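> I am attaching a structure below and will ask some questions about it afterwards.
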Amino acid sequence: MASKRRRSGSGAGAAGGIGCAPFLVLIVVALIIQYWWVLLIAAGVVALTVALVRTASAPPRPAKVPPPKPQPFVAPPRPVLAGDDLTAHMRAQKQAGRVRDMQEWDYEWIRLAYPGKSVREVNDIANAHFARGRSIGIDSGDPSAP
């Protein structure tokens with residue numbers, strides 16, 4: 001008995017498939033060339049859909065909080081004075097106002113008493129006069145006397 005050679009089934013089918021492939025490739029290339037704008041729009045829609053899905057599924061970003069603005073320094077409110085404290089405070093303010101008025105009057109008198117002196121020299125004389133606790137208007141002290 002003669003043995004028969006078997007042919008593989010893929011050998012006969014492969015030759016038919018290779019012959020058809022170039023035509024299919026040409027058809028696909030022709031479709032891409034003719035409908036390139038449809039493919040571009042489809043790629044854009046896919047990219048947009050992917051971007052929307054990713055941003056929707058991502059956790060939200062924490063909100064940016066601007067640093068607090070520096071607050072200006074505000075002195076604490078003074079305590080409200082009443083009764084004897086208020087009376088003593090008003091007397092002290094009145095006395096300080098009188099002393100200030102007398103010192104202004106003394107400064108003018110010293111300025112007129114020394115017409116040739118500069119402003120700096122008159123200030124030095126007046127400061128020395130006030131440091132001794134003298135006032136022309138209060139105790140008739142002479143500013144030129146030591």
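Residue numbering restarts at 1 in every chain; chains get A, B, ... in the order shown in the structure tokens, and ligands count up from 1 in that same order.
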Segment 10-145 of chain A: which residues are helix (DSSP H, G or I) by DSSP, as an MDAnalysis selection string?

chainID A and resid 10:34 36:57 84:113 119:131 136:139

> Would you pick out the contacts of segment 121-126 of chain A at 7 Å or less, using only C-alpha atoms, so that residues sharing its chain but fewer than 6 positions from it are not included, and give the list as a PyMOL selection string?

chain A and resi 107+110-111

> How far is it from atom CA of Trp105 of chain A to atom CA of Phe130 of chain A, in Å with one decimal?

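Interatomic distance here is 11.9 Å.
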